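K.L.:
Have a look at this one before I ask anything.
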Amino acid sequence: MSVVTVQLGQCGNQVGQELFDVMCSDARDVHRKTYSAVSCERFFRQTTQGALEARAVLIDMEPKVINHSMSKAAKSGRWRYGETSHFSQKQGSGNNWANGYCVLGPRHRDAVEELVRREVEHCDMLAGFIPIMSVAGGTGSGVGTFITQCLRDVYPSSFVLNHLTWPYGTGEVIVQNYNSVLTLAHLYQLSDAILVHENDIVHKICSQLLKIKQISFSDINRVIAHQLGGVLQPTLTPASCGAYSRHPIGELMSALACHPEYKLLSVCTIPQMASSSIAFSTFSWPALLKHLRQMLISNSKMEGGIDWQVCPPPASAGRSRSLSAGSFNTSLANLLILRGKDVYSAETGGFEDPAIYTSWLPPDEALSLWKSPVPFNKYEKSATLVSNSQALLRPLDDMVRKAWNMFASRAYIHQYVKFGISEEDFLDSFTSLEQVISSYSELQ
Amino acid sequence: MTQSVVVQVGQCGNQVGCRFWDLALREHAHVNKRGLYDEALSSFFRNYEGICWGHILTYLHPQAVLIDMEEGVVHGILQGPLREVFDSTQLLTDVSGSGNNWAVGNLMYGSAYRDSIVNKLRKAAEHCDCLQCFFLIHSMGGGTGSGLGTRVLSLLEEEFPDVCRIVTAMYPSAEDDVITSPYNSVLAMRELTEHADCVLPVENQSLVDIVNKISLMSHDAKPGCVLKKESTVTSGQGGVSPTERPFDAMNNIVANLLLNITSSSRFDGSLNMDLNEIANNLVPFPRLHYLVPSLTPLYTLADVNIPTRRLDQMFSDAFSKEHQLIRADPKHSLYLACALMVRGNVQVSDLRRNIERLRPSLPFVSWNQEGWKTGLCSVPPVGHAHSLLALANNTCVKPTFMELRDRFTKLYKKKAHLHHYLHVDGMEQSAFSEALSSLSALIEEYHHLDATKARLIPDAPRLSIAR
């Protein structure tokens with residue numbers, strides 16, 4: 001089953017290129033034939049000369065980034081992008097969601113749909129789409145939202161898993177909060193699930209865990225690619241009966257996206273360390289899983305500085321959780337993916353504790369467990385946790401608060417209105433997101 | 001790759017423009033070692049032999065229109081080392097000049113040459129594959145630059161409404177030798193407020209201060225520290241023209257400003273910042289589009305070993321009073337938005353560290369507390385390892401405008417020199433009062449925002465959802 005990724009905007013194209021790089025080296029460097037075959041089939045196709053071409057469509061409104069990504073891929077020598085799988089224009093979207101969604105998206109709809117159709121035709125069986133984009137700019141956010149809508153219209157029965165990169169809180173783009181609010185509100189209706197990485201968090205991982213002194217965007221993108229790869233590479237799932245799962249996205253959805261009001265997924269991975277230290281470290285499953293569980297409930301994304309004081313409240317106390325009270329992170333559903341040595345002996349009981357979940361689902365349904373005996377990306381043992389929990393509640397609330405303050409003074413609104421959206425549309429988006437915030441806050 | 005067209009009007013505009021083309025050629029020569037016509041060059045130049053990538057540069061033509069109502073300056077350019085670069089169809093000149101009279105420039109010459117100007121602009125635009133921006137360079141105090149320049153601005157809005165218009169306007173200092181400069185400036189301001197997308201105001205006095213500071217540094221420099229003379233910021237030496245003329249150092253600074261703004265559209269980087277993003281991010285309300293530029297570093301020391309501390313110093317400098325290109329103190333006024341355009345080998349962590357370091361000392365408006373727009377371009381300017389351009393939408397322009405208004409009112413109250421303007425066909429006294437009220441309204445808007453500075457604004461009450 002194959003996955004088609006759609007890379008949108010500068011961030012999407014940069015992250016996508018790192019992702020394919022990670023997956024290609026993981027698939028190729030490994031001596032397990034079946035694993036390699038499944039991974040290659042999933043994300044790449046073989047050309048007649050035996051080269052690997054990524055199953056990807058690259059879209060941007062200006063050409064520089066796509067050219068850079070394509071040449072970087074070709075230089076690696078192990079894989080490349082299809083010669084004609086890209087679409088770019090001359091001039092960017094100007095960091096304006098309305099420009100991307102109302103003007104540029106519709107204008108180039110046919111060309112993009114054609115590229116996607118060609119890529120889909122190369123797939124024997126389509127597992128789903130993964131659009132990759134950022135929410136801060138204009139192309140990724142605006143054109144990306146429009147393209148997601150097109151995917152929904154043209155392929156109504158396929159899964160769509162959006163991957164979003166949230167920008168630094170202290171600003172990369174001044175109108176990033178507007179762009180983010182508009183994107184999230186629309187994607188919530190269109191997407192099956194939304195997997196989020198935050199630049200702030202990944203930056204901390206780079207500085208504190210990977211010990212990188214001068215962090216560049218490539219470092220950040222590589223961490224994101226590593227975490228995403230840990231989710232998307234082949235695994236054995238309960239439903240796949242002893243073979244590598246052929247429905248990765250579908251199974252992810254049924255594991256995590258159980259309710260239409262709860263679609264935000266966060267990822268954390270353990271261990272993460274500088275590649276020079278890996279050879280000197282030993283890993284044990286009990287230690288890794290204990291740390292990962294505490295990371296989940298205290299909502300920290302790194303294994304440094306975990307707050308060990310946070311623990312689930314006793315069942316007897318009134319279980320009402322609000323935004324401000326306590327730092328305990330309640331989960332709706334969790335997907336735990338274990339890769340590496342001795343994976344069958346790993347004890348995951350800690351994740352089945354009913355106290356860390358809401359009361360709707362019994363813990364054995366709320367937790368899904370996928371395993372792969374193949375070590376991933378140089379780590380002898382690694383665990384990835386994808387969770388549908390309150391982890392993104394605080395960042396989302398901050399984003400909406402800042403956007404709302406700006407909207408209250410009507411700053412920059414004229415820039416959006418001139419491309420075709422109205423204040424009403426803004427208000428609708430705010431309302432949808434307040435609903436999402438309220439739903440997640442109420443998780444008990 | 002998008003293209004931009006530079007329209008230079010009047011003596012000041014053409015002199016700055018000339019420096020700009022000199023430096024642009026130098027910068028591209030530095031980067032483009034093989035002399036092939038590539039995408040980066042196409043943003044400002046076209047290849048005479050037809051637009052074909054990879055051709056050896058035969059005749060590079062800048063995408064420019066040069067306008068002046070007297071011939072001296074333009075002819076000077078045509079006799080100088082850049083003579084092969086411009087062709088006569090790009091020029092528009094007349095003989096007698098505008099006599100430092102805005103009305104003559106805007107109304108008399110504006111109507112007489114309207115069609116000719118529109119034709120030249122259309123021709124320049126036609127040569128562009130994807131025209132993104134018009135750069136207009138002119139001074140505010142004279143007659144041609146301010147009068148005809150603002151007329152060109154409104155023509156650009158009429159003929160090319162979708163193309164961004166960025167104006168670099170040279171404001172006169174208080175000790176300007178043109179007596180009617182307040183009239184010309186205020187009349188031009190009204191046009192800028194209504195028709196431009198962004199204005200980068202530059203003041204002569206600040207440029208003079210900067211140039212003086214640099215020459216002081218080069219004389220006072222500690223032994224062992226030698227100021228690199230090839231730094232393009234203040235020195236045209238090493239470029240096309242062998243000798244430096246009087247205003248060259250000051251004009252170089254402005255030319256560098258333009259080069260840095262467009263660097264991200266021309267060269268690669270990990271976080272691109274296009275020209276249309278500048279307007280979208282820095283202009284929260286349509287009329288408040290005056291962006292205070294500041295450029296660092298202004299000189300380099302010959303020891304090129306630049307440790308992190310120097311890099312951080314560069315960021316601090318960008319916010320200090322001495323580096324602003326107009327006389328203003330942004331740190332003590334209110335920031336509405338700020339853009340940082342970094343060139344060279346600077347990574348996102350350096351950028352974030354400096355933003356976090358500087359943020360507490362910079363007052364931002366309540367609804368834009370983290371209002372930073374950042375761009376990273378990997379190609380540094382010639383002679384530097386990195387550089388930083390900061391564009392701030394800041395209420396510190398208010399005192400400059402208020403001073404301008406005072407100088408205007410002093411003259412207007414006495415009706416001094418008014419008859420020179422009213423003699424021109426089409427000029428009415430109401431134009432003066434309208435221009436004055438437009439300026440006052442602008443000052444009021446800035447004033448309102450300033451007033452929020454001291455007050456602690458609570459968060460706006462959020463929408464509440466029925467449970």
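Going by the structure tokens order, chains are called A, B, ..., each with residues numbered from 1, while ligands are numbered from 1 in the order shown.
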Using only C-alpha atoms, which residues sit within 10 Å of A:Leu252 once same-chain residues fewer than 5 positions away are excluded, as a list of chain:residue names?
P.N.:
A:Leu161, A:Ala193, A:Val231, A:Leu232, A:His247, A:Ala257, A:Asn334, A:Leu335, A:Ser368, A:Val386
K.L.:
Could you list the residues in chain B lying within 9 Å of chain A, using only C-alpha atoms, and format the result as a PyMOL selection string?
P.N.:
chain B and resi 1-2+129-132+267-286+337-339+346-350+352+355-356+366-375+459-467
K.L.:
Just checking: using only C-alpha atoms, which residue out of A:Ile337, A:Ala225, A:Leu8, A:Cys40 ends up closest to A:Ser134?
P.N.:
A:Leu8
K.L.:
So which residues touch B:Ala431 within 10 Å, counting only C-alpha atoms, skipping near sequence neighbours fewer than 6 positions away, as a list in words?
P.N.:
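Answer for this query is Ala103, Leu187, Arg190, Leu422 and Ser437 of chain B.
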K.L.:
Mind listing the helix (DSSP H, G or I) residues of stretch 314-410 of chain A, per DSSP on the backbone, as a ChimeraX atom specification?
P.N.:
/A:343-345,349-352,354-356,363-366,390-408
K.L.:
Out of stretch 355-433 of chain A, which residues get strand (DSSP E) from DSSP, as an MDAnalysis selection string?
P.N.:
chainID A and resid 367:372 381:389
K.L.:
Could the residues in this selection be written to a file with N, CA and C atoms, as a CSV table (one decimal), in the first residue's frame?
P.N.:
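So result.csv came out as:
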chain,number,residue,atom,x,y,z
A,367,LEU,N,-5.3,2.2,24.0
A,367,LEU,CA,-3.9,2.0,23.6
A,367,LEU,C,-3.7,1.1,22.5
A,368,SER,N,-3.0,1.5,21.5
A,368,SER,CA,-2.7,0.6,20.4
A,368,SER,C,-1.2,0.4,20.4
A,369,LEU,N,-0.7,-0.8,20.0
A,369,LEU,CA,0.7,-1.1,20.1
A,369,LEU,C,1.1,-1.7,18.8
A,370,TRP,N,2.1,-1.1,18.2
A,370,TRP,CA,2.7,-1.6,17.0
A,370,TRP,C,4.2,-1.9,17.3
A,371,LYS,N,4.7,-2.9,16.6
A,371,LYS,CA,6.1,-3.3,16.9
A,371,LYS,C,6.8,-3.6,15.6
A,372,SER,N,8.1,-3.4,15.6
A,372,SER,CA,9.0,-3.8,14.5
A,372,SER,C,10.3,-4.3,15.1
A,381,LYS,N,17.3,0.5,20.1
A,381,LYS,CA,15.9,0.4,20.5
A,381,LYS,C,15.3,1.8,20.5
A,382,SER,N,14.1,2.0,20.0
A,382,SER,CA,13.5,3.3,20.0
A,382,SER,C,12.0,3.1,20.1
A,383,ALA,N,11.4,4.1,20.8
A,383,ALA,CA,9.9,4.1,20.9
A,383,ALA,C,9.4,5.4,20.5
A,384,THR,N,8.3,5.4,19.7
A,384,THR,CA,7.6,6.6,19.3
A,384,THR,C,6.2,6.5,19.8
A,385,LEU,N,5.7,7.6,20.4
A,385,LEU,CA,4.4,7.7,20.9
A,385,LEU,C,3.6,8.8,20.2
A,386,VAL,N,2.5,8.3,19.5
A,386,VAL,CA,1.6,9.3,18.9
A,386,VAL,C,0.4,9.4,19.8
A,387,SER,N,0.1,10.6,20.3
A,387,SER,CA,-1.0,10.6,21.2
A,387,SER,C,-2.0,11.7,20.8
A,388,ASN,N,-3.3,11.3,21.1
A,388,ASN,CA,-4.4,12.3,20.9
A,388,ASN,C,-4.7,12.7,22.3
A,389,SER,N,-4.1,13.8,22.8
A,389,SER,CA,-4.2,14.2,24.2
A,389,SER,C,-4.3,15.7,24.3
K.L.:
With only C-alpha atoms as the counted atoms, please give the residues lying no more than 9 Å from A:Gly229, apart from itself and same-chain residues fewer than 4 positions off, as an NGL selection string.
P.N.:
:A and (19-20 or 22-23 or 26 or 224-225 or 233 or 376-377)
K.L.:
Kindly export the residues of the current selection with all heavy atoms, as a compact mmCIF listing (two decimals), in the first residue's frame.
P.N.:
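part39.txt, written as the output of this step:
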# COMPACT_ATOMS: atom_id res chain seq x y z
N LEU A 19 12.48 13.94 5.23
CA LEU A 19 11.72 12.74 5.57
C LEU A 19 12.05 11.60 4.61
O LEU A 19 12.34 10.47 5.03
CB LEU A 19 10.23 13.06 5.54
CG LEU A 19 9.30 11.88 5.78
CD1 LEU A 19 9.51 11.33 7.17
CD2 LEU A 19 7.84 12.31 5.62
N PHE A 20 12.03 11.89 3.32
CA PHE A 20 12.34 10.84 2.35
C PHE A 20 13.76 10.36 2.52
O PHE A 20 14.06 9.17 2.35
CB PHE A 20 12.10 11.34 0.92
CG PHE A 20 10.65 11.30 0.53
CD1 PHE A 20 9.92 12.47 0.40
CD2 PHE A 20 10.02 10.10 0.30
CE1 PHE A 20 8.58 12.44 0.05
CE2 PHE A 20 8.68 10.05 -0.05
CZ PHE A 20 7.95 11.22 -0.17
N VAL A 22 15.48 10.19 5.34
CA VAL A 22 15.51 9.29 6.49
C VAL A 22 14.93 7.93 6.11
O VAL A 22 15.50 6.88 6.42
CB VAL A 22 14.71 9.90 7.67
CG1 VAL A 22 14.33 8.85 8.68
CG2 VAL A 22 15.52 10.99 8.31
N MET A 23 13.81 7.94 5.43
CA MET A 23 13.14 6.68 5.13
C MET A 23 13.94 5.86 4.13
O MET A 23 14.02 4.64 4.24
CB MET A 23 11.73 6.94 4.62
CG MET A 23 10.91 7.61 5.71
SD MET A 23 9.15 7.50 5.49
CE MET A 23 8.98 8.56 4.10
N ASP A 26 16.90 4.40 6.00
CA ASP A 26 16.43 3.35 6.90
C ASP A 26 16.10 2.10 6.11
O ASP A 26 16.46 0.98 6.48
CB ASP A 26 15.20 3.84 7.66
CG ASP A 26 14.72 2.81 8.65
OD1 ASP A 26 15.56 2.33 9.43
OD2 ASP A 26 13.53 2.47 8.63
N ILE A 224 12.39 16.43 12.91
CA ILE A 224 11.01 16.18 12.53
C ILE A 224 10.93 14.94 11.64
O ILE A 224 10.06 14.08 11.82
CB ILE A 224 10.41 17.40 11.80
CG1 ILE A 224 10.37 18.60 12.74
CG2 ILE A 224 9.03 17.09 11.27
CD1 ILE A 224 9.80 19.85 12.10
N ALA A 225 11.88 14.83 10.70
CA ALA A 225 11.87 13.68 9.79
C ALA A 225 12.09 12.39 10.56
O ALA A 225 11.45 11.37 10.28
CB ALA A 225 12.95 13.86 8.73
N GLN A 233 7.27 4.27 9.13
CA GLN A 233 7.95 3.08 8.58
C GLN A 233 7.19 1.81 8.97
O GLN A 233 6.39 1.83 9.90
CB GLN A 233 9.39 3.03 9.10
CG GLN A 233 10.31 4.05 8.44
CD GLN A 233 10.58 3.74 6.99
OE1 GLN A 233 9.68 3.75 6.15
NE2 GLN A 233 11.82 3.45 6.66
N PHE A 376 15.63 1.27 14.12
CA PHE A 376 15.32 2.41 13.25
C PHE A 376 16.37 3.50 13.37
O PHE A 376 16.70 3.94 14.46
CB PHE A 376 13.94 2.94 13.62
CG PHE A 376 13.55 4.20 12.90
CD1 PHE A 376 13.37 4.20 11.52
CD2 PHE A 376 13.38 5.40 13.58
CE1 PHE A 376 13.03 5.35 10.85
CE2 PHE A 376 13.02 6.55 12.91
CZ PHE A 376 12.85 6.53 11.55
N ASN A 377 16.88 3.90 12.24
CA ASN A 377 17.74 5.08 12.16
C ASN A 377 18.88 5.08 13.17
O ASN A 377 19.07 6.05 13.89
CB ASN A 377 16.89 6.35 12.33
CG ASN A 377 17.49 7.52 11.58
OD1 ASN A 377 18.42 7.35 10.81
ND2 ASN A 377 16.97 8.70 11.82
K.L.:
Would you compute the distance between atom CA of B:Asn14 and atom CA of B:Arg407? Give it in Å to one decimal.
P.N.:
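Taking atom CA of B:Asn14 and atom CA of B:Arg407, their separation equals 26.5 Å.
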K.L.:
Hey, which of B:Leu148, B:Leu136, B:Val73, B:Val5 ends up closest to B:Ile166? Count only C-alpha atoms.
P.N.:
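The shortest atom-to-atom distance to B:Ile166 comes from B:Leu136.
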K.L.:
As an exercise, work out the distance from atom CA of B:Phe160 to atom CA of B:Leu23 in Å and give it to one decimal place.
P.N.:
27.7 Å
K.L.:
Would you list the contacts of stretch 320-333 of chain B as a list in words, taking every protein, DNA or RNA residue within 7 Å and counting only C-alpha atoms, but skipping same-chain residues closer than 3 positions in sequence?
P.N.:
Pro201, Val202, Glu203, Ser206, Leu207, Val292, Pro293, Ser294, Leu295, Ser316, Asp317, Leu362, Pro363, Asn394, Thr395, Cys396 and Val397 of chain B
K.L.:
In Å, with one decimal, what is the gap from atom CA of A:Asn199 to atom CA of B:Ser263?
P.N.:
25.0 Å
K.L.:
Select, from A:Val57, A:Met253, A:Val38, A:Leu338, the residue with the minimum atom-to-atom distance to A:Val120, counting only C-alpha atoms.
P.N.:
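With only C-alpha atoms as the atom set, the closest residue is A:Val57.
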K.L.:
So that I can check the surroundings of B:His75, please list as an MDAnalysis selection string every protein, DNA and RNA residue that reaches within 12 Å of it, counting only C-alpha atoms and ignoring chain neighbours fewer than 4 positions away.
P.N.:
chainID B and resid 11 14:15 18 66:71 79:83 86:88 91:95
K.L.:
Hey, which of B:Val178, B:Cys198, B:Ile261, B:Val211 ends up closest to B:Asp248? Count only C-alpha atoms.
P.N.:
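Closest to B:Asp248, using only C-alpha atoms: B:Val211.
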K.L.:
Pick from A:Thr5, A:Ser277, A:Ser266, A:Thr358: nearest to A:Ala391, with only C-alpha atoms counted?
P.N.:
A:Ser266
K.L.:
Show which residues sit within 7 Å of stretch 71-75 of chain A, as number ranges by chain. Count only C-alpha atoms, and ignore same-chain residues fewer than 5 positions away.
P.N.:
A: 17, 80-81
K.L.:
Would you mind exporting the chosen residues as a PDB file, in the first residue's frame, restricted to all heavy atoms?
P.N.:
ATOM      1  N   GLN A  17      11.757  16.650   2.071  1.00  0.00           N
ATOM      2  CA  GLN A  17      12.998  16.116   1.532  1.00  0.00           C
ATOM      3  C   GLN A  17      13.785  15.368   2.618  1.00  0.00           C
ATOM      4  O   GLN A  17      14.305  14.280   2.380  1.00  0.00           O
ATOM      5  CB  GLN A  17      13.800  17.286   0.945  1.00  0.00           C
ATOM      6  CG  GLN A  17      15.051  16.877   0.217  1.00  0.00           C
ATOM      7  CD  GLN A  17      16.244  16.939   1.113  1.00  0.00           C
ATOM      8  OE1 GLN A  17      16.353  17.859   1.922  1.00  0.00           O
ATOM      9  NE2 GLN A  17      17.122  15.981   1.016  1.00  0.00           N
ATOM     10  N   ARG A  80      15.581  10.044  -5.591  1.00  0.00           N
ATOM     11  CA  ARG A  80      15.367  11.381  -6.115  1.00  0.00           C
ATOM     12  C   ARG A  80      13.872  11.616  -6.289  1.00  0.00           C
ATOM     13  O   ARG A  80      13.068  10.704  -6.107  1.00  0.00           O
ATOM     14  CB  ARG A  80      16.102  11.555  -7.438  1.00  0.00           C
ATOM     15  CG  ARG A  80      15.702  10.535  -8.483  1.00  0.00           C
ATOM     16  CD  ARG A  80      16.156  10.986  -9.858  1.00  0.00           C
ATOM     17  NE  ARG A  80      15.298  10.385 -10.849  1.00  0.00           N
ATOM     18  CZ  ARG A  80      15.681   9.386 -11.647  1.00  0.00           C
ATOM     19  NH1 ARG A  80      16.900   8.909 -11.582  1.00  0.00           N
ATOM     20  NH2 ARG A  80      14.844   8.898 -12.531  1.00  0.00           N
ATOM     21  N   TYR A  81      13.538  12.829  -6.624  1.00  0.00           N
ATOM     22  CA  TYR A  81      12.151  13.155  -6.916  1.00  0.00           C
ATOM     23  C   TYR A  81      11.900  12.948  -8.402  1.00  0.00           C
ATOM     24  O   TYR A  81      12.806  13.070  -9.214  1.00  0.00           O
ATOM     25  CB  TYR A  81      11.870  14.623  -6.580  1.00  0.00           C
ATOM     26  CG  TYR A  81      11.728  14.903  -5.111  1.00  0.00           C
ATOM     27  CD1 TYR A  81      12.708  15.613  -4.437  1.00  0.00           C
ATOM     28  CD2 TYR A  81      10.612  14.473  -4.403  1.00  0.00           C
ATOM     29  CE1 TYR A  81      12.577  15.887  -3.091  1.00  0.00           C
ATOM     30  CE2 TYR A  81      10.480  14.745  -3.065  1.00  0.00           C
ATOM     31  CZ  TYR A  81      11.458  15.453  -2.410  1.00  0.00           C
ATOM     32  OH  TYR A  81      11.329  15.728  -1.086  1.00  0.00           O
TER      33      TYR A  81
END
